[in-house]
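Structure data follow from final28.json (JSON, C-alpha atoms and all ligand atoms):
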[["chain", "number", "residue", "atom", "x", "y", "z"],
["A", 649, "MET", "CA", 38.12, -121.24, -49.81],
["A", 650, "LYS", "CA", 41.05, -120.06, -47.71],
["A", 651, "LYS", "CA", 41.13, -120.71, -43.98],
["A", 652, "ILE", "CA", 40.97, -117.63, -41.81],
["A", 653, "VAL", "CA", 41.27, -116.55, -38.17],
["A", 654, "ILE", "CA", 38.10, -115.17, -36.60],
["A", 655, "ALA", "CA", 38.60, -113.09, -33.45],
["A", 656, "ILE", "CA", 35.52, -112.44, -31.33],
["A", 657, "ASP", "CA", 36.07, -110.01, -28.49],
["A", 658, "GLY", "CA", 33.78, -108.17, -26.13],
["A", 659, "PHE", "CA", 32.55, -107.71, -22.60],
["A", 660, "SER", "CA", 31.58, -110.63, -20.37],
["A", 661, "ALA", "CA", 28.30, -112.45, -21.03],
["A", 662, "CYS", "CA", 27.47, -110.85, -24.39],
["A", 663, "GLY", "CA", 27.05, -114.23, -26.04],
["A", 664, "LYS", "CA", 30.59, -114.44, -27.44],
["A", 665, "SER", "CA", 31.25, -118.06, -26.53],
["A", 666, "SER", "CA", 27.94, -119.47, -27.74],
["A", 667, "THR", "CA", 28.29, -117.61, -31.03],
["A", 668, "ALA", "CA", 31.97, -118.46, -31.52],
["A", 669, "LYS", "CA", 31.37, -122.14, -30.72],
["A", 670, "GLU", "CA", 28.55, -122.46, -33.24],
["A", 671, "VAL", "CA", 30.37, -120.50, -35.95],
["A", 672, "ALA", "CA", 33.38, -122.80, -35.54],
["A", 673, "ASN", "CA", 31.13, -125.85, -35.66],
["A", 674, "ARG", "CA", 29.47, -124.83, -38.91],
["A", 675, "LEU", "CA", 32.75, -123.89, -40.59],
["A", 676, "GLY", "CA", 34.52, -127.03, -39.34],
["A", 677, "TYR", "CA", 36.98, -124.73, -37.52],
["A", 678, "LYS", "CA", 38.64, -125.13, -34.15],
["A", 679, "TYR", "CA", 37.02, -123.14, -31.32],
["A", 680, "ILE", "CA", 39.25, -121.73, -28.59],
["A", 681, "ASP", "CA", 37.72, -120.17, -25.50],
["A", 682, "SER", "CA", 40.60, -117.98, -24.26],
["A", 683, "GLY", "CA", 38.59, -116.95, -21.20],
["A", 684, "ALA", "CA", 38.48, -120.62, -20.16],
["A", 685, "MET", "CA", 42.28, -120.64, -20.15],
["A", 686, "TYR", "CA", 42.44, -117.69, -17.72],
["A", 687, "ARG", "CA", 39.70, -119.31, -15.66],
["A", 688, "ALA", "CA", 41.66, -122.57, -15.42],
["A", 689, "VAL", "CA", 44.78, -120.70, -14.28],
["A", 690, "THR", "CA", 42.64, -118.89, -11.70],
["A", 691, "LEU", "CA", 41.23, -122.19, -10.43],
["A", 692, "TYR", "CA", 44.79, -123.45, -9.97],
["A", 693, "PHE", "CA", 45.70, -120.28, -8.05],
["A", 694, "ILE", "CA", 42.66, -120.72, -5.78],
["A", 695, "ASN", "CA", 43.20, -124.43, -5.14],
["A", 696, "ASN", "CA", 46.92, -124.01, -4.47],
["A", 697, "TYR", "CA", 46.73, -120.76, -2.49],
["A", 698, "VAL", "CA", 48.99, -118.95, -5.00],
["A", 699, "ASN", "CA", 49.42, -115.29, -4.06],
["A", 700, "PRO", "CA", 48.94, -113.24, -7.28],
["A", 701, "ALA", "CA", 51.07, -110.45, -5.76],
["A", 702, "ASN", "CA", 54.09, -112.72, -5.25],
["A", 703, "PRO", "CA", 56.09, -113.02, -8.53],
["A", 704, "LYS", "CA", 58.00, -116.09, -7.33],
["A", 705, "GLU", "CA", 54.83, -117.97, -6.46],
["A", 706, "VAL", "CA", 53.29, -116.94, -9.78],
["A", 707, "SER", "CA", 56.34, -118.14, -11.78],
["A", 708, "LYS", "CA", 56.37, -121.47, -9.99],
["A", 709, "ALA", "CA", 52.64, -121.90, -10.53],
["A", 710, "MET", "CA", 52.91, -121.14, -14.25],
["A", 711, "GLU", "CA", 55.59, -123.85, -14.61],
["A", 712, "ASN", "CA", 53.16, -126.35, -13.10],
["A", 713, "ILE", "CA", 50.06, -125.39, -15.06],
["A", 714, "ASP", "CA", 48.98, -127.19, -18.18],
["A", 715, "VAL", "CA", 45.72, -126.04, -19.75],
["A", 716, "SER", "CA", 44.32, -128.00, -22.67],
["A", 717, "PHE", "CA", 41.08, -128.60, -24.55],
["A", 718, "VAL", "CA", 39.74, -132.09, -25.18],
["A", 719, "PHE", "CA", 36.92, -132.77, -27.63],
["A", 720, "ASN", "CA", 33.92, -134.44, -26.00],
["A", 721, "GLU", "CA", 32.15, -136.50, -28.68],
["A", 722, "ARG", "CA", 28.97, -136.81, -26.61],
["A", 723, "ILE", "CA", 28.31, -133.05, -26.46],
["A", 724, "GLY", "CA", 30.09, -132.19, -29.69],
["A", 725, "PHE", "CA", 32.35, -129.54, -28.11],
["A", 726, "SER", "CA", 35.74, -129.26, -26.44],
["A", 727, "GLU", "CA", 36.09, -129.09, -22.67],
["A", 728, "THR", "CA", 38.78, -127.43, -20.58],
["A", 729, "TYR", "CA", 41.35, -129.53, -18.74],
["A", 730, "LEU", "CA", 43.74, -128.37, -16.03],
["A", 731, "ASN", "CA", 46.71, -130.68, -15.52],
["A", 732, "GLY", "CA", 44.76, -133.60, -16.99],
["A", 733, "LEU", "CA", 41.55, -133.00, -15.03],
["A", 734, "ASN", "CA", 38.27, -131.90, -16.60],
["A", 735, "VAL", "CA", 37.50, -128.52, -14.99],
["A", 736, "GLU", "CA", 34.89, -127.33, -17.49],
["A", 737, "LYS", "CA", 32.11, -127.01, -14.89],
["A", 738, "GLU", "CA", 34.25, -125.74, -12.02],
["A", 739, "ILE", "CA", 35.80, -122.83, -13.93],
["A", 740, "ARG", "CA", 32.37, -121.35, -14.74],
["A", 741, "LYS", "CA", 31.40, -120.99, -11.07],
["A", 742, "MET", "CA", 31.13, -117.62, -9.33],
["A", 743, "HIS", "CA", 34.12, -118.15, -7.03],
["A", 744, "VAL", "CA", 36.33, -118.35, -10.13],
["A", 745, "SER", "CA", 34.58, -115.41, -11.86],
["A", 746, "GLN", "CA", 35.27, -113.31, -8.80],
["A", 747, "ARG", "CA", 39.04, -113.83, -9.00],
["A", 748, "VAL", "CA", 39.72, -114.23, -12.72],
["A", 749, "SER", "CA", 40.27, -110.56, -13.64],
["A", 750, "GLU", "CA", 42.87, -110.21, -10.92],
["A", 751, "VAL", "CA", 44.77, -113.26, -12.15],
["A", 752, "SER", "CA", 44.45, -112.44, -15.86],
["A", 753, "ALA", "CA", 46.00, -109.00, -15.25],
["A", 754, "ILE", "CA", 49.32, -110.55, -14.16],
["A", 755, "PRO", "CA", 51.86, -109.98, -16.98],
["A", 756, "GLU", "CA", 53.46, -113.43, -16.62],
["A", 757, "VAL", "CA", 50.09, -115.17, -16.79],
["A", 758, "ARG", "CA", 49.19, -113.23, -19.94],
["A", 759, "LYS", "CA", 52.55, -113.95, -21.56],
["A", 760, "CYS", "CA", 52.11, -117.71, -21.11],
["A", 761, "MET", "CA", 48.48, -117.76, -22.25],
["A", 762, "VAL", "CA", 49.02, -115.51, -25.28],
["A", 763, "HIS", "CA", 51.94, -117.70, -26.37],
["A", 764, "GLN", "CA", 49.73, -120.79, -26.15],
["A", 765, "GLN", "CA", 46.83, -119.07, -27.93],
["A", 766, "ARG", "CA", 49.06, -118.04, -30.84],
["A", 767, "LYS", "CA", 50.30, -121.62, -31.15],
["A", 768, "LEU", "CA", 46.72, -122.91, -31.22],
["A", 769, "GLY", "CA", 45.82, -120.50, -34.02],
["A", 770, "ARG", "CA", 48.97, -120.85, -36.08],
["A", 771, "LYS", "CA", 47.39, -123.04, -38.74],
["A", 772, "LYS", "CA", 44.33, -120.76, -39.10],
["A", 773, "GLY", "CA", 40.85, -122.27, -39.37],
["A", 774, "VAL", "CA", 40.17, -121.07, -35.85],
["A", 775, "VAL", "CA", 37.55, -119.04, -34.00],
["A", 776, "MET", "CA", 38.88, -117.60, -30.75],
["A", 777, "ASP", "CA", 36.91, -115.48, -28.32],
["A", 778, "GLY", "CA", 38.15, -113.28, -25.51],
["A", 779, "ARG", "CA", 39.13, -109.71, -24.69],
["A", 780, "ASP", "CA", 42.37, -109.06, -26.58],
["A", 781, "ILE", "CA", 42.21, -111.52, -29.47],
["A", 782, "GLY", "CA", 41.80, -109.00, -32.29],
["A", 783, "SER", "CA", 43.89, -106.30, -30.64],
["A", 784, "ASN", "CA", 46.78, -108.37, -29.36],
["A", 785, "VAL", "CA", 46.78, -112.15, -29.89],
["A", 786, "PHE", "CA", 45.94, -112.04, -33.62],
["A", 787, "PRO", "CA", 46.30, -108.43, -34.80],
["A", 788, "ASN", "CA", 46.24, -109.76, -38.39],
["A", 789, "ALA", "CA", 43.07, -111.83, -37.98],
["A", 790, "GLU", "CA", 41.06, -111.71, -41.20],
["A", 791, "LEU", "CA", 37.84, -111.09, -39.27],
["A", 792, "LYS", "CA", 37.48, -109.23, -35.97],
["A", 793, "VAL", "CA", 34.10, -108.90, -34.30],
["A", 794, "PHE", "CA", 33.45, -106.95, -31.11],
["A", 795, "MET", "CA", 30.25, -107.94, -29.32],
["A", 796, "ASN", "CA", 28.33, -105.97, -26.75],
["A", 797, "ALA", "CA", 24.93, -105.93, -25.04],
["A", 798, "ASP", "CA", 23.18, -103.99, -22.29],
["A", 799, "MET", "CA", 24.11, -104.87, -18.71],
["A", 800, "GLU", "CA", 20.60, -106.07, -17.81],
["A", 801, "ILE", "CA", 20.54, -108.51, -20.69],
["A", 802, "ARG", "CA", 24.06, -109.74, -19.97],
["A", 803, "ALA", "CA", 23.28, -110.35, -16.28],
["A", 804, "GLU", "CA", 20.09, -112.26, -17.06],
["A", 805, "ARG", "CA", 21.92, -114.35, -19.63],
["A", 806, "ARG", "CA", 24.68, -115.21, -17.15],
["A", 807, "GLN", "CA", 22.11, -116.05, -14.45],
["A", 808, "LYS", "CA", 20.40, -118.53, -16.76],
["A", 809, "GLU", "CA", 23.72, -120.14, -17.66],
["A", 810, "LEU", "CA", 24.67, -120.54, -14.00],
["A", 811, "LEU", "CA", 21.24, -121.90, -13.13],
["A", 812, "ALA", "CA", 21.50, -124.48, -15.90],
["A", 813, "LYS", "CA", 24.70, -125.63, -14.18],
["A", 814, "GLY", "CA", 22.99, -125.81, -10.78],
["A", 815, "GLU", "CA", 24.27, -122.54, -9.26],
["A", 816, "LEU", "CA", 21.65, -120.03, -8.11],
["A", 817, "VAL", "CA", 23.08, -116.49, -7.95],
["A", 818, "ASP", "CA", 21.00, -113.32, -7.56],
["A", 819, "LEU", "CA", 21.05, -110.67, -10.32],
["A", 820, "PRO", "CA", 22.71, -107.86, -8.30],
["A", 821, "THR", "CA", 25.64, -110.16, -7.44],
["A", 822, "ILE", "CA", 26.04, -111.11, -11.10],
["A", 823, "GLU", "CA", 25.79, -107.49, -12.28],
["A", 824, "GLU", "CA", 28.38, -106.42, -9.74],
["A", 825, "ASN", "CA", 30.77, -109.13, -10.93],
["A", 826, "LEU", "CA", 30.28, -108.22, -14.60],
["A", 827, "LYS", "CA", 30.84, -104.51, -13.91],
["A", 828, "GLN", "CA", 33.92, -105.18, -11.85],
["A", 829, "ARG", "CA", 35.41, -107.47, -14.50],
["A", 830, "ASP", "CA", 34.63, -104.99, -17.31],
["A", 831, "LYS", "CA", 36.45, -102.31, -15.34],
["A", 832, "MET", "CA", 39.47, -104.42, -14.39],
["A", 833, "ASP", "CA", 39.77, -105.96, -17.88],
["A", 834, "SER", "CA", 39.57, -102.52, -19.53],
["A", 835, "GLU", "CA", 41.93, -100.75, -17.16],
["A", 836, "ARG", "CA", 44.73, -103.29, -16.75],
["A", 837, "LYS", "CA", 48.14, -102.36, -18.15],
["A", 838, "GLU", "CA", 48.86, -105.52, -20.11],
["A", 839, "ASN", "CA", 46.64, -106.20, -23.17],
["A", 840, "PRO", "CA", 43.54, -104.44, -21.86],
["A", 841, "LEU", "CA", 40.11, -104.98, -23.34],
["A", 842, "ILE", "CA", 39.96, -102.50, -26.21],
["A", 843, "ILE", "CA", 38.08, -102.40, -29.48],
["A", 844, "ALA", "CA", 40.49, -103.12, -32.33],
["A", 845, "GLU", "CA", 40.37, -100.36, -34.96],
["A", 846, "ASP", "CA", 39.29, -102.75, -37.69],
["A", 847, "ALA", "CA", 36.74, -104.67, -35.58],
["A", 848, "ILE", "CA", 33.13, -104.91, -36.68],
["A", 849, "MET", "CA", 30.73, -104.01, -33.87],
["A", 850, "LEU", "CA", 27.87, -106.36, -33.10],
["A", 851, "SER", "CA", 25.25, -105.46, -30.52],
["A", 852, "THR", "CA", 23.43, -108.59, -29.39],
["A", 853, "ASN", "CA", 20.57, -106.89, -27.50],
["A", 854, "PHE", "CA", 17.91, -107.79, -30.03],
["A", 855, "LEU", "CA", 19.51, -110.78, -31.73],
["A", 856, "THR", "CA", 18.85, -114.46, -31.16],
["A", 857, "LEU", "CA", 21.82, -116.81, -31.06],
["A", 858, "GLU", "CA", 20.96, -118.03, -34.55],
["A", 859, "GLU", "CA", 20.94, -114.44, -35.86],
["A", 860, "GLN", "CA", 24.32, -113.73, -34.25],
["A", 861, "VAL", "CA", 25.77, -116.88, -35.80],
["A", 862, "GLU", "CA", 24.33, -116.07, -39.23],
["A", 863, "HIS", "CA", 25.73, -112.56, -39.06],
["A", 864, "VAL", "CA", 29.27, -113.68, -38.20],
["A", 865, "LEU", "CA", 29.14, -116.45, -40.82],
["A", 866, "GLN", "CA", 28.14, -113.91, -43.45],
["A", 867, "LEU", "CA", 31.06, -111.65, -42.50],
["A", 868, "ALA", "CA", 33.43, -114.64, -42.48],
["A", 869, "THR", "CA", 32.37, -115.77, -45.93],
["A", 870, "GLU", "CA", 33.26, -112.34, -47.31],
["A", 871, "LYS", "CA", 36.83, -112.79, -46.02],
["A", 872, "MET", "CA", 37.41, -116.32, -47.28],
["A", 901, "LIG", "O1", 35.26, -114.90, -21.40],
["A", 901, "LIG", "P1", 35.18, -115.09, -19.91],
["A", 901, "LIG", "O2", 34.16, -114.22, -19.26],
["A", 901, "LIG", "O3", 35.07, -116.52, -19.52],
["A", 901, "LIG", "O4", 36.61, -114.59, -19.40],
["A", 901, "LIG", "C1", 36.94, -114.61, -18.04],
["A", 901, "LIG", "C2", 38.01, -113.58, -17.75],
["A", 901, "LIG", "O5", 39.25, -113.95, -18.37],
["A", 901, "LIG", "C3", 37.74, -112.15, -18.21],
["A", 901, "LIG", "O6", 36.94, -111.42, -17.33],
["A", 901, "LIG", "C4", 39.16, -111.59, -18.29],
["A", 901, "LIG", "O7", 39.61, -111.19, -17.02],
["A", 901, "LIG", "C5", 39.98, -112.79, -18.72],
["A", 901, "LIG", "N1", 40.28, -112.81, -20.15],
["A", 901, "LIG", "C6", 41.32, -112.04, -20.61],
["A", 901, "LIG", "N2", 41.70, -112.11, -21.91],
["A", 901, "LIG", "C7", 41.05, -112.89, -22.76],
["A", 901, "LIG", "C8", 39.96, -113.68, -22.33],
["A", 901, "LIG", "C9", 39.58, -113.59, -21.01],
["A", 901, "LIG", "O8", 41.94, -111.32, -19.84],
["A", 901, "LIG", "N3", 41.46, -112.96, -24.03]]

Now that the file is in, can you turn its structure into structure tokens?
Amino acid sequence: MKKIVIAIDGFSACGKSSTAKEVANRLGYKYIDSGAMYRAVTLYFINNYVNPANPKEVSKAMENIDVSFVFNERIGFSETYLNGLNVEKEIRKMHVSQRVSEVSAIPEVRKCMVHQQRKLGRKKGVVMDGRDIGSNVFPNAELKVFMNADMEIRAERRQKELLAKGELVDLPTIEENLKQRDKMDSERKENPLIIAEDAIMLSTNFLTLEEQVEHVLQLATEKM
């Protein structure tokens, strides 16, 4: 069977990451969470008081940022590292979610991240999830899936995830953040969130994680 690239795009909190991670696991593919890369950059900007509106500060920051993924044998998945430090938990917190769309809209940030993402997927055998993977990072991906779900379901899902990590956030705050990010991600100039023409739509409203995984695996097998 030939190795392929699987691009999973969609709005925030539709279940992209959980699905992509499990699909990669079952295929023995590499999983790349492109959102985690933008989140790590955002965390650096927050911690180092980088002004996103100042191109000089942004350039200097990008020279000093190294984002990588390290496989954690204990949990069976990769975790995100920023300049050698494990930031997997920190980047999922609300204070990062509230700034990430602003930072990911900066052309220089996108250029650096897209370059790195293409390098990571060069050898194929990769599942990457994000916003512009099928439309921009890998326009020739063999399989493109675009996931969506109703806002209520997405907000509840995100609340549970945050709670599991010890952060209690009320539903209106989460909904507001998701709406704001959808809007900013869809309206930015550089690589906005769009549905690639050849993407297969997958609504996750009434699907369990296992059903989502099965569905994507079935589509992938047809392309191999
Ligand atoms: O997927 P996740 O919700 O963790 O992504 C966080 C943010 O990173 C998104 O809201 C978006 O601003 C940015 N992002 C992006 N392009 C991608 C993946 C994520 O701009 N390919």

Inset, instruction - Extract, using only C-alpha atoms, all DNA, RNA and protein residues at most 8 Å from Ile822 in chain A, discarding same-chain residues fewer than 6 positions from it, and format them as a PyMOL selection string. - result: chain A and resi 803+806-807

Could the residues of chain A that have an atom at most 6 Å from ligand LIG 901 (chain A) be listed as JSON lines, each with its closest atom pair and the distance in Å to one decimal, counting all atoms listed in the file and ordered by chain and ascending residue number?
{"residue": "A:Ser660", "atom": "CA", "partner": "A:LIG901", "partner_atom": "O2", "distance": 4.6}
{"residue": "A:Ser682", "atom": "CA", "partner": "A:LIG901", "partner_atom": "C8", "distance": 4.8}
{"residue": "A:Gly683", "atom": "CA", "partner": "A:LIG901", "partner_atom": "C9", "distance": 3.5}
{"residue": "A:Ala684", "atom": "CA", "partner": "A:LIG901", "partner_atom": "O3", "distance": 5.4}
{"residue": "A:Tyr686", "atom": "CA", "partner": "A:LIG901", "partner_atom": "O5", "distance": 5.0}
{"residue": "A:Arg687", "atom": "CA", "partner": "A:LIG901", "partner_atom": "C1", "distance": 5.9}
{"residue": "A:Val748", "atom": "CA", "partner": "A:LIG901", "partner_atom": "O7", "distance": 5.3}
{"residue": "A:Ser749", "atom": "CA", "partner": "A:LIG901", "partner_atom": "O7", "distance": 3.5}
{"residue": "A:Ser752", "atom": "CA", "partner": "A:LIG901", "partner_atom": "O8", "distance": 4.8}
{"residue": "A:Gly778", "atom": "CA", "partner": "A:LIG901", "partner_atom": "N3", "distance": 3.6}
{"residue": "A:Arg779", "atom": "CA", "partner": "A:LIG901", "partner_atom": "N3", "distance": 4.1}
{"residue": "A:Asp780", "atom": "CA", "partner": "A:LIG901", "partner_atom": "N3", "distance": 4.7}
{"residue": "A:Ile781", "atom": "CA", "partner": "A:LIG901", "partner_atom": "N3", "distance": 5.7}
{"residue": "A:Arg829", "atom": "CA", "partner": "A:LIG901", "partner_atom": "O6", "distance": 5.1}
{"residue": "A:Asp833", "atom": "CA", "partner": "A:LIG901", "partner_atom": "O7", "distance": 5.3}

Legend entry - Contacts of Glu862 in chain A at 9 Å (all atoms listed in the file; same-chain gap of 5+ positions) as a VMD selection string: chain A and resid 671 857 867

Residues from the last selection, C-alpha atoms, saved as a PDB file, in the coordinates of the input:
ATOM      1  CA  VAL A 671      30.370-120.500 -35.950  1.00  0.00           C
ATOM      2  CA  LEU A 857      21.820-116.810 -31.060  1.00  0.00           C
ATOM      3  CA  LEU A 867      31.060-111.650 -42.500  1.00  0.00           C
TER       4      LEU A 867
END

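Closest approach to Val757 in chain A among A:Thr821, A:Ser707, A:Asn695, A:Ser851 is made by A:Ser707 (distances from all atoms listed in the file).
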
Inset, instruction - Tell me, in Å to one decimal, how far CA of Arg747 in chain A is from CA of Met685 in chain A. - result: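 Here the two named atoms are 13.5 Å from each other.
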
Legend entry - Nearby residues (only C-alpha atoms) at most 9 Å from Asp657 in chain A, same-chain spacing under 6 positions excluded, as a ChimeraX atom specification: /A:664,776-783,792-796,841-843,847

Legend entry - Atomic distance CA of Asn731 in chain A - CA of Val689 in chain A, expressed in Å with one decimal: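 Separation of CA of Asn731 in chain A and CA of Val689 in chain A: 10.2 Å.
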
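Using all atoms listed in the file, the nearest neighbour of Val775 in chain A within the list A:Ala688, A:Val698, A:Ile654, A:Ala709 is A:Ile654.
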
Legend entry - Residues within 12 Å of Thr856 in chain A, all atoms listed in the file, excluding chain neighbours under 3 positions, as a PyMOL selection string: chain A and resi 662-663+666-667+805+851-853+859-863

Residues from the last selection, C-alpha atoms, saved as a tab-separated table (two decimals), in the frame of the given file:
chain	number	residue	atom	x	y	z
A	662	CYS	CA	27.47	-110.85	-24.39
A	663	GLY	CA	27.05	-114.23	-26.04
A	666	SER	CA	27.94	-119.47	-27.74
A	667	THR	CA	28.29	-117.61	-31.03
A	805	ARG	CA	21.92	-114.35	-19.63
A	851	SER	CA	25.25	-105.46	-30.52
A	852	THR	CA	23.43	-108.59	-29.39
A	853	ASN	CA	20.57	-106.89	-27.50
A	859	GLU	CA	20.94	-114.44	-35.86
A	860	GLN	CA	24.32	-113.73	-34.25
A	861	VAL	CA	25.77	-116.88	-35.80
A	862	GLU	CA	24.33	-116.07	-39.23
A	863	HIS	CA	25.73	-112.56	-39.06

Legend entry - Proximity to Leu865 in chain A - best of A:Arg758, A:Lys737, A:His763, A:Lys669, all atoms listed in the file: A:Lys669

Would you give the centre and edge lengths, in Å to one decimal, of a box along x, y and z around the listed atoms of range 749-760 of chain A, with 3 Å added to each side, as AutoDock Vina command-line options?
--center_x 46.9 --center_y -113.4 --center_z -16.2 --size_x 19.2 --size_y 14.7 --size_z 16.6

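In this model, the gap between CA of Glu790 in chain A and CA of Glu756 in chain A comes to 27.6 Å.
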
Just add N, CA and C atoms to range 699-713 of chain A and send it as a compact mmCIF listing (two decimals), keeping the file's coordinate frame.
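The result, written out as result.txt:
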# COMPACT_ATOMS: atom_id res chain seq x y z
N ASN A 699 49.62 -116.72 -4.29
CA ASN A 699 49.42 -115.29 -4.06
C ASN A 699 49.73 -114.52 -5.36
N PRO A 700 48.71 -113.92 -6.00
CA PRO A 700 48.94 -113.24 -7.28
C PRO A 700 49.94 -112.09 -7.17
N ALA A 701 50.16 -111.58 -5.94
CA ALA A 701 51.07 -110.45 -5.76
C ALA A 701 52.51 -110.90 -5.56
N ASN A 702 52.73 -112.21 -5.48
CA ASN A 702 54.09 -112.72 -5.25
C ASN A 702 54.66 -113.32 -6.56
N PRO A 703 55.58 -112.57 -7.22
CA PRO A 703 56.09 -113.02 -8.53
C PRO A 703 56.71 -114.41 -8.50
N LYS A 704 57.38 -114.76 -7.39
CA LYS A 704 58.00 -116.09 -7.33
C LYS A 704 56.95 -117.19 -7.32
N GLU A 705 55.91 -116.97 -6.53
CA GLU A 705 54.83 -117.97 -6.46
C GLU A 705 54.13 -118.09 -7.82
N VAL A 706 53.97 -116.93 -8.48
CA VAL A 706 53.29 -116.94 -9.78
C VAL A 706 54.13 -117.72 -10.79
N SER A 707 55.45 -117.44 -10.83
CA SER A 707 56.34 -118.14 -11.78
C SER A 707 56.29 -119.64 -11.57
N LYS A 708 56.37 -120.04 -10.31
CA LYS A 708 56.37 -121.47 -9.99
C LYS A 708 55.03 -122.10 -10.43
N ALA A 709 53.95 -121.38 -10.16
CA ALA A 709 52.64 -121.90 -10.53
C ALA A 709 52.56 -122.07 -12.05
N MET A 710 53.03 -121.07 -12.79
CA MET A 710 52.91 -121.14 -14.25
C MET A 710 53.69 -122.32 -14.82
N GLU A 711 54.81 -122.67 -14.16
CA GLU A 711 55.59 -123.85 -14.61
C GLU A 711 54.79 -125.13 -14.42
N ASN A 712 53.90 -125.12 -13.43
CA ASN A 712 53.16 -126.35 -13.10
C ASN A 712 51.77 -126.42 -13.72
N ILE A 713 51.42 -125.41 -14.51
CA ILE A 713 50.06 -125.39 -15.06
C ILE A 713 50.04 -125.82 -16.51
